[in-house]
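Novice: See work_12.cif below, with mmCIF, C-alpha atoms.
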```
data_input
#
loop_
_atom_site.group_PDB
_atom_site.id
_atom_site.type_symbol
_atom_site.label_atom_id
_atom_site.label_comp_id
_atom_site.auth_asym_id
_atom_site.auth_seq_id
_atom_site.Cartn_x
_atom_site.Cartn_y
_atom_site.Cartn_z
ATOM 1 C CA MET A 1 0.000 0.000 0.000
ATOM 2 C CA ILE A 2 1.403 3.385 -1.002
ATOM 3 C CA ALA A 3 1.094 6.168 1.568
ATOM 4 C CA THR A 4 -0.757 9.110 0.096
ATOM 5 C CA PHE A 5 -0.469 12.588 1.464
ATOM 6 C CA CYS A 6 -1.910 15.943 0.539
ATOM 7 C CA THR A 7 -0.099 19.203 1.136
ATOM 8 C CA SER A 8 -3.398 20.831 2.123
ATOM 9 C CA GLU A 9 -3.824 18.523 5.111
ATOM 10 C CA ARG A 10 -2.851 21.125 7.735
ATOM 11 C CA GLU A 11 -5.221 23.662 6.180
ATOM 12 C CA ILE A 12 -8.009 21.102 6.212
ATOM 13 C CA ILE A 13 -7.460 20.263 9.888
ATOM 14 C CA ALA A 14 -7.438 23.966 10.751
ATOM 15 C CA ALA A 15 -10.641 24.506 8.752
ATOM 16 C CA VAL A 16 -12.402 21.614 10.501
ATOM 17 C CA LYS A 17 -11.481 23.120 13.840
ATOM 18 C CA SER A 18 -12.400 26.695 13.009
ATOM 19 C CA GLN A 19 -15.279 25.810 10.668
ATOM 20 C CA HIS A 20 -13.918 28.441 8.328
ATOM 21 C CA TRP A 21 -13.978 27.042 4.802
ATOM 22 C CA THR A 22 -12.803 29.021 1.808
ATOM 23 C CA ASP A 23 -14.237 28.266 -1.633
ATOM 24 C CA ASP A 24 -10.840 27.021 -2.818
ATOM 25 C CA LEU A 25 -10.619 24.609 0.062
ATOM 26 C CA ARG A 26 -14.166 23.330 -0.517
ATOM 27 C CA HIS A 27 -13.376 22.822 -4.169
ATOM 28 C CA HIS A 28 -10.164 21.028 -3.328
ATOM 29 C CA VAL A 29 -11.952 18.674 -0.936
ATOM 30 C CA THR A 30 -14.471 17.552 -3.531
ATOM 31 C CA ASN A 31 -11.590 16.309 -5.696
ATOM 32 C CA CYS A 32 -9.247 14.963 -3.007
ATOM 33 C CA ALA A 33 -9.982 11.609 -1.394
ATOM 34 C CA HIS A 34 -7.173 12.055 1.114
ATOM 35 C CA CYS A 35 -8.635 15.333 2.366
ATOM 36 C CA GLN A 36 -12.113 13.838 2.581
ATOM 37 C CA GLU A 37 -10.715 11.183 4.849
ATOM 38 C CA THR A 38 -8.808 13.845 6.796
ATOM 39 C CA ILE A 39 -12.074 15.699 7.426
ATOM 40 C CA ALA A 40 -13.787 12.499 8.554
ATOM 41 C CA MET A 41 -10.907 11.583 10.847
ATOM 42 C CA THR A 42 -10.490 15.074 12.308
ATOM 43 C CA THR A 43 -14.220 15.572 12.871
ATOM 44 C CA MET A 44 -14.618 12.228 14.569
ATOM 45 C CA LEU A 45 -11.563 12.617 16.789
ATOM 46 C CA LYS A 46 -12.440 16.221 17.568
ATOM 47 C CA ASN A 47 -15.916 15.164 18.694
ATOM 48 C CA PHE A 48 -14.398 12.324 20.653
ATOM 49 C CA SER A 49 -12.051 14.788 22.345
ATOM 50 C CA THR A 50 -15.009 16.698 23.774
ATOM 51 C CA ILE A 51 -16.036 13.691 25.878
ATOM 52 C CA ASP A 52 -14.823 13.568 29.476
ATOM 53 C CA THR A 53 -14.022 17.265 29.547
ATOM 54 C CA GLU A 54 -15.690 17.456 32.958
ATOM 55 C CA HIS A 55 -13.333 14.938 34.510
ATOM 56 C CA PRO A 56 -11.955 16.600 37.669
ATOM 57 C CA LEU A 57 -8.275 17.439 37.516
ATOM 58 C CA PRO A 58 -6.030 18.377 40.440
ATOM 59 C CA MET A 59 -5.370 22.001 41.277
ATOM 60 C CA TYR A 60 -2.043 23.298 40.013
ATOM 61 C CA ARG A 61 -0.874 23.924 43.580
ATOM 62 C CA ILE A 62 -1.011 20.232 44.480
ATOM 63 C CA ILE A 63 1.298 19.382 41.597
ATOM 64 C CA TRP A 64 3.493 22.375 42.334
ATOM 65 C CA LEU A 65 3.934 21.356 45.986
ATOM 66 C CA LYS A 66 4.622 17.745 45.029
ATOM 67 C CA ALA A 67 7.266 18.929 42.558
ATOM 68 C CA GLN A 68 8.881 21.129 45.215
ATOM 69 C CA TYR A 69 8.938 18.206 47.621
ATOM 70 C CA ALA A 70 10.457 15.902 44.970
ATOM 71 C CA ARG A 71 13.078 18.552 44.199
ATOM 72 C CA LYS A 72 13.945 18.872 47.874
ATOM 73 C CA GLU A 73 14.225 15.090 48.216
ATOM 74 C CA GLU A 74 16.506 14.988 45.205
ATOM 75 C CA ARG A 75 18.711 17.715 46.660
ATOM 76 C CA LEU A 76 18.840 15.936 49.999
ATOM 77 C CA SER A 77 19.949 12.705 48.396
ATOM 78 C CA THR A 78 22.691 14.638 46.574
ATOM 79 C CA LEU A 79 23.616 16.218 49.878
ATOM 80 C CA ASP A 80 23.816 12.755 51.470
ATOM 81 C CA LEU A 81 26.387 11.717 48.890
ATOM 82 C CA VAL A 82 28.392 14.929 49.293
ATOM 83 C CA ALA A 83 28.234 14.617 53.083
ATOM 84 C CA LEU A 84 29.415 11.007 52.879
ATOM 85 C CA GLY A 85 32.291 12.075 50.657
ATOM 86 C CA GLY A 86 33.064 14.954 53.035
ATOM 87 C CA MET A 87 33.055 12.739 56.090
ATOM 88 C CA THR A 88 35.385 10.311 54.350
ATOM 89 C CA LEU A 89 37.725 13.188 53.502
ATOM 90 C CA VAL A 90 37.661 14.464 57.081
ATOM 91 C CA GLY A 91 38.320 10.941 58.356
ATOM 92 C CA ILE A 92 41.301 10.492 56.056
ATOM 93 C CA ALA A 93 42.642 13.958 56.878
ATOM 94 C CA GLY A 94 42.200 13.311 60.612
ATOM 95 C CA LEU A 95 43.963 9.973 60.358
ATOM 96 C CA LEU A 96 46.825 11.523 58.377
ATOM 97 C CA GLY A 97 47.075 14.375 60.880
ATOM 98 C CA LEU A 98 47.170 11.928 63.747
ATOM 99 C CA LEU A 99 49.833 9.827 62.036
ATOM 100 C CA VAL A 100 51.987 12.885 61.289
ATOM 101 C CA TRP A 101 51.621 14.094 64.829
ATOM 102 C CA ARG A 102 52.244 10.801 66.656
ATOM 103 C CA PHE A 103 54.667 9.135 64.225
ATOM 104 C CA PRO A 104 56.625 11.892 62.459
ATOM 105 C CA GLN A 105 59.431 9.432 61.645
ATOM 106 C CA LEU A 106 57.048 7.628 59.233
ATOM 107 C CA PHE A 107 56.900 10.759 57.097
ATOM 108 C CA ALA A 108 60.494 11.847 57.623
ATOM 109 C CA GLY A 109 61.442 10.733 54.092
ATOM 110 C CA VAL A 110 58.618 12.727 52.581
ATOM 111 C CA PHE A 111 59.485 15.836 54.606
ATOM 112 C CA ASP A 112 63.181 15.547 53.784
ATOM 113 C CA SER A 113 62.554 15.324 50.046
ATOM 114 C CA ALA A 114 60.020 18.160 50.287
ATOM 115 C CA ALA A 115 62.526 20.252 52.263
ATOM 116 C CA ARG A 116 65.155 19.662 49.605
ATOM 117 C CA THR A 117 62.705 20.693 46.862
ATOM 118 C CA ALA A 118 61.280 23.677 48.743
ATOM 119 C CA PRO A 119 63.358 24.954 51.642
ATOM 120 C CA GLY A 120 61.270 25.971 54.639
ATOM 121 C CA PHE A 121 58.548 23.406 53.793
ATOM 122 C CA THR A 122 59.129 21.433 57.027
ATOM 123 C CA ASN A 123 58.309 24.520 59.077
ATOM 124 C CA VAL A 124 54.742 24.098 57.980
ATOM 125 C CA PHE A 125 54.600 20.796 59.824
ATOM 126 C CA SER A 126 55.105 22.243 63.237
ATOM 127 C CA ASP A 127 53.131 21.192 66.322
ATOM 128 C CA GLY A 128 49.930 22.844 65.081
ATOM 129 C CA ALA A 129 50.070 21.169 61.674
ATOM 130 C CA PRO A 130 47.587 18.306 62.293
ATOM 131 C CA LEU A 131 45.019 20.779 63.540
ATOM 132 C CA ALA A 132 45.618 22.922 60.458
ATOM 133 C CA VAL A 133 45.119 19.871 58.221
ATOM 134 C CA ILE A 134 41.791 19.037 59.917
ATOM 135 C CA ILE A 135 40.584 22.651 59.725
ATOM 136 C CA GLY A 136 41.626 22.728 56.073
ATOM 137 C CA ALA A 137 39.623 19.549 55.398
ATOM 138 C CA LEU A 138 36.583 20.989 57.189
ATOM 139 C CA VAL A 139 36.792 24.169 55.134
ATOM 140 C CA LEU A 140 37.040 22.038 51.993
ATOM 141 C CA VAL A 141 33.946 20.039 52.992
ATOM 142 C CA TRP A 142 32.066 23.235 53.782
ATOM 143 C CA GLY A 143 33.021 24.634 50.401
ATOM 144 C CA LEU A 144 31.861 21.488 48.622
ATOM 145 C CA THR A 145 28.552 21.165 50.430
ATOM 146 C CA ARG A 146 27.360 24.744 50.758
ATOM 147 C CA GLY A 147 25.849 24.760 47.248
ATOM 148 C CA SER A 148 23.974 21.537 47.950
ATOM 149 C CA PHE A 149 21.809 22.752 50.801
ATOM 150 C CA PRO A 150 18.236 23.285 49.639
ATOM 151 C CA ALA A 151 17.349 26.936 49.444
ATOM 152 C CA GLU A 152 14.316 27.736 51.555
ATOM 153 C CA ARG A 153 11.566 29.424 49.608
ATOM 154 C CA MET B 1 8.309 31.604 28.860
ATOM 155 C CA SER B 2 10.898 30.255 31.322
ATOM 156 C CA THR B 3 12.109 26.646 31.160
ATOM 157 C CA PRO B 4 10.231 24.140 33.366
ATOM 158 C CA LYS B 5 12.797 23.904 36.158
ATOM 159 C CA HIS B 6 13.035 27.665 36.425
ATOM 160 C CA MET B 7 9.313 28.359 36.300
ATOM 161 C CA ASP B 8 7.973 30.212 39.281
ATOM 162 C CA GLU B 9 4.648 29.301 40.816
ATOM 163 C CA SER B 10 2.553 31.809 38.884
ATOM 164 C CA ALA B 11 4.166 30.887 35.544
ATOM 165 C CA PHE B 12 3.474 27.227 36.235
ATOM 166 C CA ALA B 13 -0.099 28.008 37.284
ATOM 167 C CA SER B 14 -0.894 29.698 33.974
ATOM 168 C CA PHE B 15 0.946 27.032 31.951
ATOM 169 C CA TYR B 16 -0.932 24.287 33.820
ATOM 170 C CA GLU B 17 -4.310 25.932 33.336
ATOM 171 C CA SER B 18 -3.712 26.322 29.607
ATOM 172 C CA THR B 19 -2.513 22.743 29.027
ATOM 173 C CA LYS B 20 -4.124 20.485 31.644
ATOM 174 C CA ARG B 21 -7.384 19.563 29.906
ATOM 175 C CA GLN B 22 -5.864 18.773 26.521
ATOM 176 C CA LEU B 23 -3.040 16.828 28.109
ATOM 177 C CA TRP B 24 -5.386 14.715 30.209
ATOM 178 C CA LEU B 25 -7.558 13.972 27.162
ATOM 179 C CA TYR B 26 -4.472 12.960 25.203
ATOM 180 C CA ILE B 27 -3.277 10.617 27.940
ATOM 181 C CA VAL B 28 -6.695 9.053 28.536
ATOM 182 C CA ARG B 29 -7.137 8.389 24.795
ATOM 183 C CA VAL B 30 -3.719 6.778 24.562
ATOM 184 C CA VAL B 31 -3.927 4.618 27.704
ATOM 185 C CA GLY B 32 -7.710 4.123 27.593
ATOM 186 C CA ASP B 33 -8.236 4.230 31.362
ATOM 187 C CA ALA B 34 -9.182 7.338 33.336
ATOM 188 C CA SER B 35 -7.605 6.281 36.644
ATOM 189 C CA VAL B 36 -4.316 5.375 34.933
ATOM 190 C CA ALA B 37 -4.528 8.653 33.027
ATOM 191 C CA ASP B 38 -4.895 10.537 36.328
ATOM 192 C CA ASP B 39 -1.651 9.031 37.632
ATOM 193 C CA LEU B 40 0.257 9.590 34.410
ATOM 194 C CA PHE B 41 -1.097 13.130 34.179
ATOM 195 C CA GLN B 42 0.381 14.116 37.543
ATOM 196 C CA GLU B 43 3.603 12.255 36.860
ATOM 197 C CA THR B 44 3.962 14.097 33.547
ATOM 198 C CA TYR B 45 3.859 17.510 35.223
ATOM 199 C CA LEU B 46 6.136 16.375 38.052
ATOM 200 C CA ARG B 47 8.775 15.179 35.597
ATOM 201 C CA PHE B 48 8.254 18.262 33.482
ATOM 202 C CA LEU B 49 9.076 20.508 36.441
ATOM 203 C CA GLN B 50 12.324 18.622 37.128
ATOM 204 C CA HIS B 51 13.812 19.363 33.734
ATOM 205 C CA THR B 52 15.667 22.212 32.145
ATOM 206 C CA LEU B 53 15.016 22.907 28.480
ATOM 207 C CA ARG B 54 17.258 24.695 26.010
ATOM 208 C CA GLU B 55 14.276 26.161 24.190
ATOM 209 C CA SER B 56 11.898 28.387 26.091
ATOM 210 C CA ASP B 57 9.226 29.262 23.536
ATOM 211 C CA GLU B 58 5.737 28.085 24.399
ATOM 212 C CA LYS B 59 5.389 25.589 21.575
ATOM 213 C CA ALA B 60 8.659 23.833 22.425
ATOM 214 C CA VAL B 61 7.770 23.668 26.101
ATOM 215 C CA LYS B 62 4.339 22.241 25.289
ATOM 216 C CA SER B 63 5.867 19.695 22.902
ATOM 217 C CA TYR B 64 8.206 18.641 25.666
ATOM 218 C CA LEU B 65 5.254 18.098 27.996
ATOM 219 C CA TYR B 66 3.622 15.817 25.422
ATOM 220 C CA ARG B 67 6.874 13.957 24.902
ATOM 221 C CA ILE B 68 7.024 13.143 28.612
ATOM 222 C CA ALA B 69 3.374 12.041 28.574
ATOM 223 C CA THR B 70 4.006 9.837 25.529
ATOM 224 C CA ASN B 71 7.013 8.185 27.171
ATOM 225 C CA LEU B 72 5.019 7.511 30.334
ATOM 226 C CA ALA B 73 2.119 6.082 28.311
ATOM 227 C CA ASN B 74 4.536 3.841 26.408
ATOM 228 C CA ASP B 75 6.054 2.633 29.687
ATOM 229 C CA HIS B 76 2.554 1.897 30.937
ATOM 230 C CA TRP B 77 1.768 -0.139 27.830
ATOM 231 C CA ARG B 78 4.988 -2.095 28.103
ATOM 232 C CA LYS B 79 4.181 -2.949 31.738
ATOM 233 C CA LEU B 80 0.626 -3.920 30.819
ATOM 234 C CA LYS B 81 1.863 -6.126 27.984
ATOM 235 C CA ARG B 82 4.269 -7.904 30.339
ATOM 236 C CA HIS B 83 1.491 -8.322 32.883
ATOM 237 C CA ARG B 84 -0.840 -9.794 30.259
ATOM 238 C CA THR B 85 1.852 -12.122 29.006
ATOM 239 C CA TRP B 86 2.365 -13.510 32.496
ATOM 240 C CA PHE B 87 -1.129 -13.377 33.954
ATOM 241 C CA GLY B 88 -3.405 -13.371 30.880
ATOM 242 C CA ALA B 89 -5.766 -10.652 29.605
ATOM 243 C CA ASP B 90 -7.909 -9.143 32.343
ATOM 244 C CA GLN B 91 -10.229 -7.084 30.195
ATOM 245 C CA ASP B 92 -12.258 -7.574 27.064
ATOM 246 C CA ASP B 93 -11.278 -5.182 24.305
ATOM 247 C CA THR B 94 -13.802 -6.512 21.813
ATOM 248 C CA PRO B 95 -15.538 -3.551 20.190
ATOM 249 C CA GLN B 96 -19.207 -3.280 21.103
ATOM 250 C CA VAL B 97 -21.132 -1.738 18.249
ATOM 251 C CA THR B 98 -24.257 0.257 19.059
ATOM 252 C CA ASP B 99 -26.077 1.935 16.182
ATOM 253 C CA PRO B 100 -23.977 2.142 12.992
ATOM 254 C CA ARG B 101 -25.825 5.279 11.798
ATOM 255 C CA ASN B 102 -25.290 7.068 15.059
ATOM 256 C CA PRO B 103 -22.042 5.868 16.600
ATOM 257 C CA ASP B 104 -21.759 6.278 20.314
ATOM 258 C CA LEU B 105 -18.510 8.226 20.427
ATOM 259 C CA ARG B 106 -17.556 7.159 23.903
ATOM 260 C CA HIS B 107 -17.902 3.431 23.248
ATOM 261 C CA ASP B 108 -17.515 2.875 19.543
ATOM 262 C CA VAL B 109 -14.736 5.300 18.723
ATOM 263 C CA GLY B 110 -13.058 4.424 22.010
ATOM 264 C CA ALA B 111 -13.266 0.734 21.156
ATOM 265 C CA ALA B 112 -11.994 1.395 17.642
ATOM 266 C CA LEU B 113 -9.036 3.362 18.987
ATOM 267 C CA ARG B 114 -8.228 0.529 21.382
ATOM 268 C CA GLN B 115 -7.662 -1.706 18.359
ATOM 269 C CA LEU B 116 -4.741 0.506 17.398
ATOM 270 C CA SER B 117 -1.311 0.478 18.967
ATOM 271 C CA ALA B 118 -0.448 3.150 21.540
ATOM 272 C CA ARG B 119 1.857 4.776 18.997
ATOM 273 C CA GLN B 120 -0.868 4.894 16.365
ATOM 274 C CA ARG B 121 -3.260 6.469 18.869
ATOM 275 C CA SER B 122 -0.613 9.052 19.795
ATOM 276 C CA LEU B 123 0.033 9.827 16.139
ATOM 277 C CA LEU B 124 -3.620 10.323 15.274
ATOM 278 C CA TRP B 125 -4.314 12.403 18.363
ATOM 279 C CA LEU B 126 -1.327 14.669 17.969
ATOM 280 C CA ALA B 127 -1.968 15.191 14.262
ATOM 281 C CA TYR B 128 -5.748 15.551 14.144
ATOM 282 C CA VAL B 129 -6.748 16.805 17.576
ATOM 283 C CA GLU B 130 -3.683 18.705 18.765
ATOM 284 C CA ASP B 131 -2.828 19.838 15.227
ATOM 285 C CA TYR B 132 0.912 19.276 15.507
ATOM 286 C CA GLY B 133 3.063 19.139 12.382
ATOM 287 C CA HIS B 134 5.128 16.115 11.382
ATOM 288 C CA LYS B 135 8.350 17.626 12.702
ATOM 289 C CA GLU B 136 6.898 18.248 16.148
ATOM 290 C CA ILE B 137 5.270 14.814 16.295
ATOM 291 C CA ALA B 138 8.598 13.235 15.347
ATOM 292 C CA GLY B 139 10.244 15.052 18.252
ATOM 293 C CA MET B 140 7.580 13.940 20.701
ATOM 294 C CA LEU B 141 7.505 10.297 19.654
ATOM 295 C CA LYS B 142 11.253 10.066 19.059
ATOM 296 C CA LEU B 143 10.784 9.078 15.421
ATOM 297 C CA ARG B 144 12.309 10.332 12.207
ATOM 298 C CA GLU B 145 10.329 13.122 10.595
ATOM 299 C CA GLY B 146 10.266 11.222 7.320
ATOM 300 C CA SER B 147 8.600 8.223 8.970
ATOM 301 C CA ILE B 148 5.667 10.199 10.348
ATOM 302 C CA LYS B 149 3.926 10.497 6.993
ATOM 303 C CA VAL B 150 3.887 6.727 6.454
ATOM 304 C CA LEU B 151 3.078 5.855 10.071
ATOM 305 C CA LEU B 152 0.248 8.363 10.149
ATOM 306 C CA PHE B 153 -1.102 6.989 6.903
ATOM 307 C CA ARG B 154 -1.038 3.446 8.310
ATOM 308 C CA ALA B 155 -2.716 4.572 11.533
ATOM 309 C CA ARG B 156 -5.479 6.232 9.507
ATOM 310 C CA GLN B 157 -5.923 3.141 7.385
ATOM 311 C CA LYS B 158 -6.104 0.933 10.446
ATOM 312 C CA LEU B 159 -8.671 3.152 12.171
ATOM 313 C CA SER B 160 -10.784 3.368 8.999
ATOM 314 C CA GLU B 161 -10.609 -0.390 8.644
ATOM 315 C CA VAL B 162 -11.669 -0.985 12.256
ATOM 316 C CA LEU B 163 -14.496 1.529 11.940
ATOM 317 C CA ARG B 164 -15.644 -0.068 8.693
ATOM 318 C CA HIS B 165 -15.562 -3.449 10.383
ATOM 319 C CA MET B 166 -17.737 -1.996 13.141
ATOM 320 C CA GLY B 167 -20.107 -0.584 10.542
ATOM 321 C CA ILE B 168 -19.249 3.038 11.280
ATOM 322 C CA SER B 169 -18.559 5.503 8.501
ATOM 323 C CA PRO B 170 -17.608 8.964 9.751
ATOM 324 C CA GLU B 171 -18.972 11.927 7.816
ATOM 325 C CA ALA B 172 -16.611 13.759 5.478
ATOM 326 C CA THR B 173 -18.406 16.909 4.451
ATOM 327 C CA PRO B 174 -16.777 20.312 4.864
#
```
Can you present the structure in this file as structure tokens?

Specialist:
Amino acid sequence: MIATFCTSEREIIAAVKSQHWTDDLRHHVTNCAHCQETIAMTTMLKNFSTIDTEHPLPMYRIIWLKAQYARKEERLSTLDLVALGGMTLVGIAGLLGLLVWRFPQLFAGVFDSAARTAPGFTNVFSDGAPLAVIIGALVLVWGLTRGSFPAER
Amino acid sequence: MSTPKHMDESAFASFYESTKRQLWLYIVRVVGDASVADDLFQETYLRFLQHTLRESDEKAVKSYLYRIATNLANDHWRKLKRHRTWFGADQDDTPQVTDPRNPDLRHDVGAALRQLSARQRSLLWLAYVEDYGHKEIAGMLKLREGSIKVLLFRARQKLSEVLRHMGISPEATP
């Protein structure tokens, strides 16, 4: 079966809907089987579309509030992931800080090579260094998570 | 018009009021069940509000809404098909003909449409009720624009055939 199509189809559909028929269009329809079928199809479906127009639909606000809630949930789940990542970072940083503080000899090689590369580097790792590392990690976590908190409307 | 995710409440309210009835009618004609249509209707708007669109003109935004509804209706049909495969048909879709000279639109045309595939119903509805062009329909149904002409033709043929079989001949006078 070969698909037939008429370039006037859109005009015909518009005319069925508006009931505004020009003489040219009427004349065209009498000679075009495709357009006759288009009229039949459009009229029938258009009439069918008027059924159930009284069916109650929810108020926009219900959908709006549901969408806001879903958005908040989505943000919170993102925040959970970021918080988990942040806590892991803080844990690692804390552990490293503790290790540096209690067992400096473990990192002596690292500090020596760093001191050779950049003189004065070892001064950074003074007694307050572990605390500085932890504060640094906390600041990093804060920086990562601050955009994830849901904005109150 | 702003994109869905960035719509404020009043913009959504006016968009919803201007689209809700037509969208619900589209969904109910495609899925054929008012209670399912109610669920899909709400889900369509919820998903719509979660997305950001590149285009912000009204027609593109409305097309996007219909695309979501079509995808949800297709998902519903896939689930229903699986359910019927496993548990058997739970409803009789046999068309019930009333008076051939005066077709009962609700039952006869509804029954005739149920003989078509969900995609064919979507195609016919979008083309003849919503008055969308082939390009827009292709975007909504994720099909190639060139295929729409043939698919629409087949859907029309199938509906005409079913209606003829039911003894219904729709009027074709301008």

Novice: Find the residues near Pro58 in chain A: any atom within 12 Å, counting all atoms listed in the file, skip ones fewer than 2 places away on the same chain, and give them as a CSV table (one decimal) with C-alpha atoms, in the frame of the given file.

Specialist:
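Result written to out.csv:
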```csv
chain,number,residue,atom,x,y,z
A,55,HIS,CA,-13.3,14.9,34.5
A,56,PRO,CA,-12.0,16.6,37.7
A,60,TYR,CA,-2.0,23.3,40.0
A,61,ARG,CA,-0.9,23.9,43.6
A,62,ILE,CA,-1.0,20.2,44.5
A,63,ILE,CA,1.3,19.4,41.6
A,64,TRP,CA,3.5,22.4,42.3
A,65,LEU,CA,3.9,21.4,46.0
A,66,LYS,CA,4.6,17.7,45.0
B,13,ALA,CA,-0.1,28.0,37.3
B,16,TYR,CA,-0.9,24.3,33.8
B,17,GLU,CA,-4.3,25.9,33.3
B,20,LYS,CA,-4.1,20.5,31.6
B,21,ARG,CA,-7.4,19.6,29.9
B,24,TRP,CA,-5.4,14.7,30.2
B,38,ASP,CA,-4.9,10.5,36.3
B,39,ASP,CA,-1.7,9.0,37.6
B,41,PHE,CA,-1.1,13.1,34.2
B,42,GLN,CA,0.4,14.1,37.5
B,43,GLU,CA,3.6,12.3,36.9
B,45,TYR,CA,3.9,17.5,35.2
```

Novice: Report as a list in words the full result of the PyMOL selection byres ((chain A) within 6 of (chain B)) when it is applied to this structure.

Specialist: Ala3, Gln36, Ile39, Ala40, Thr42, Lys46, Phe48, Tyr60 and Ala67 of chain A

Novice: So what does the PyMOL selection byres ((chain B and resi 162) around 10) actually pick up in this one, as a ChimeraX atom specification?

Specialist: /B:95,109,111-116,156-161,163-168

Novice: Tell me, in Å to one decimal, how far CA of Leu141 in chain B is from CA of Lys59 in chain B.

Specialist: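 Separation of CA of Leu141 in chain B and CA of Lys59 in chain B: 15.6 Å.
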
Novice: Choose the residue, out of B:Pro4, B:Gly146, B:Gly32, B:Gly139, that has the smallest atom-to-atom separation from Asp52 in chain A; count all atoms listed in the file.

Specialist: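 Using all atoms listed in the file, Asp52 in chain A sits closest to B:Gly32.
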
Novice: Just to confirm, what's the straight-line distance from CA of Gly97 in chain A to CA of Ala137 in chain A in Å (one decimal)?

Specialist: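 Spanning CA of Gly97 in chain A to CA of Ala137 in chain A is a straight-line distance of 10.6 Å.
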
Novice: For CA of Leu53 in chain B and CA of Lys135 in chain B, determine how far apart the two atoms are, in Å to one decimal place.

Specialist: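 Interatomic distance here is 17.9 Å.
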
Novice: Quick one: 8 Å padding each side, axis-aligned, all listed atoms of range 38-52 of chain B - centre and edge lengths in Å to one decimal, as lines of an AutoDock Vina configuration file?

Specialist:
```
center_x = 5.4
center_y = 15.6
center_z = 35.1
size_x = 36.6
size_y = 29.2
size_z = 21.9
```

Novice: Given only C-alpha atoms as the basis, pick out the residue of A:Cys6, A:Met87, A:Thr43, A:Val100 nearest to Gln19 in chain A.

Specialist: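 Of A:Cys6, A:Met87, A:Thr43, A:Val100, the one nearest Gln19 in chain A, counting only C-alpha atoms, is A:Thr43.
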
Novice: For this structure, which residues satisfy the selection - the PyMOL selection byres ((chain B and resi 65-80) around 8) - when it is evaluated on the file as given? I want them as number ranges by chain.

Specialist: B: 23, 27, 30-31, 40-41, 44-45, 47-48, 61-64, 81-84, 118-119, 122, 139-141

Novice: Can you fill out range 23-36 of chain A with N, CA and C atoms and hand it back as a PDB file, in the frame of the given file?

Specialist:
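Resulting contents of rebuild15.pdb:
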```pdb
ATOM      1  N   ASP A  23     -13.708  28.946  -0.435  1.00  0.00           N
ATOM      2  CA  ASP A  23     -14.237  28.266  -1.633  1.00  0.00           C
ATOM      3  C   ASP A  23     -13.188  27.347  -2.259  1.00  0.00           C
ATOM      4  N   ASP A  24     -11.936  27.828  -2.247  1.00  0.00           N
ATOM      5  CA  ASP A  24     -10.840  27.021  -2.818  1.00  0.00           C
ATOM      6  C   ASP A  24     -10.701  25.697  -2.079  1.00  0.00           C
ATOM      7  N   LEU A  25     -10.790  25.804  -0.773  1.00  0.00           N
ATOM      8  CA  LEU A  25     -10.619  24.609   0.062  1.00  0.00           C
ATOM      9  C   LEU A  25     -11.782  23.630  -0.165  1.00  0.00           C
ATOM     10  N   ARG A  26     -12.983  24.177  -0.248  1.00  0.00           N
ATOM     11  CA  ARG A  26     -14.166  23.330  -0.517  1.00  0.00           C
ATOM     12  C   ARG A  26     -14.003  22.615  -1.860  1.00  0.00           C
ATOM     13  N   HIS A  27     -13.558  23.381  -2.832  1.00  0.00           N
ATOM     14  CA  HIS A  27     -13.376  22.822  -4.169  1.00  0.00           C
ATOM     15  C   HIS A  27     -12.304  21.733  -4.156  1.00  0.00           C
ATOM     16  N   HIS A  28     -11.249  22.008  -3.421  1.00  0.00           N
ATOM     17  CA  HIS A  28     -10.164  21.028  -3.328  1.00  0.00           C
ATOM     18  C   HIS A  28     -10.672  19.714  -2.708  1.00  0.00           C
ATOM     19  N   VAL A  29     -11.471  19.858  -1.658  1.00  0.00           N
ATOM     20  CA  VAL A  29     -11.952  18.674  -0.936  1.00  0.00           C
ATOM     21  C   VAL A  29     -12.808  17.766  -1.824  1.00  0.00           C
ATOM     22  N   THR A  30     -13.596  18.384  -2.669  1.00  0.00           N
ATOM     23  CA  THR A  30     -14.471  17.552  -3.531  1.00  0.00           C
ATOM     24  C   THR A  30     -13.652  16.672  -4.481  1.00  0.00           C
ATOM     25  N   ASN A  31     -12.410  17.090  -4.764  1.00  0.00           N
ATOM     26  CA  ASN A  31     -11.590  16.309  -5.696  1.00  0.00           C
ATOM     27  C   ASN A  31     -10.463  15.527  -5.016  1.00  0.00           C
ATOM     28  N   CYS A  32     -10.380  15.610  -3.687  1.00  0.00           N
ATOM     29  CA  CYS A  32      -9.247  14.963  -3.007  1.00  0.00           C
ATOM     30  C   CYS A  32      -9.745  13.940  -1.972  1.00  0.00           C
ATOM     31  N   ALA A  33      -9.517  12.692  -2.285  1.00  0.00           N
ATOM     32  CA  ALA A  33      -9.982  11.609  -1.394  1.00  0.00           C
ATOM     33  C   ALA A  33      -9.245  11.645  -0.055  1.00  0.00           C
ATOM     34  N   HIS A  34      -7.970  11.994  -0.123  1.00  0.00           N
ATOM     35  CA  HIS A  34      -7.173  12.055   1.114  1.00  0.00           C
ATOM     36  C   HIS A  34      -7.749  13.102   2.073  1.00  0.00           C
ATOM     37  N   CYS A  35      -8.108  14.256   1.516  1.00  0.00           N
ATOM     38  CA  CYS A  35      -8.635  15.333   2.366  1.00  0.00           C
ATOM     39  C   CYS A  35     -10.032  14.996   2.887  1.00  0.00           C
ATOM     40  N   GLN A  36     -10.792  14.257   2.095  1.00  0.00           N
ATOM     41  CA  GLN A  36     -12.113  13.838   2.581  1.00  0.00           C
ATOM     42  C   GLN A  36     -11.955  12.940   3.800  1.00  0.00           C
TER      43      GLN A  36
END
```
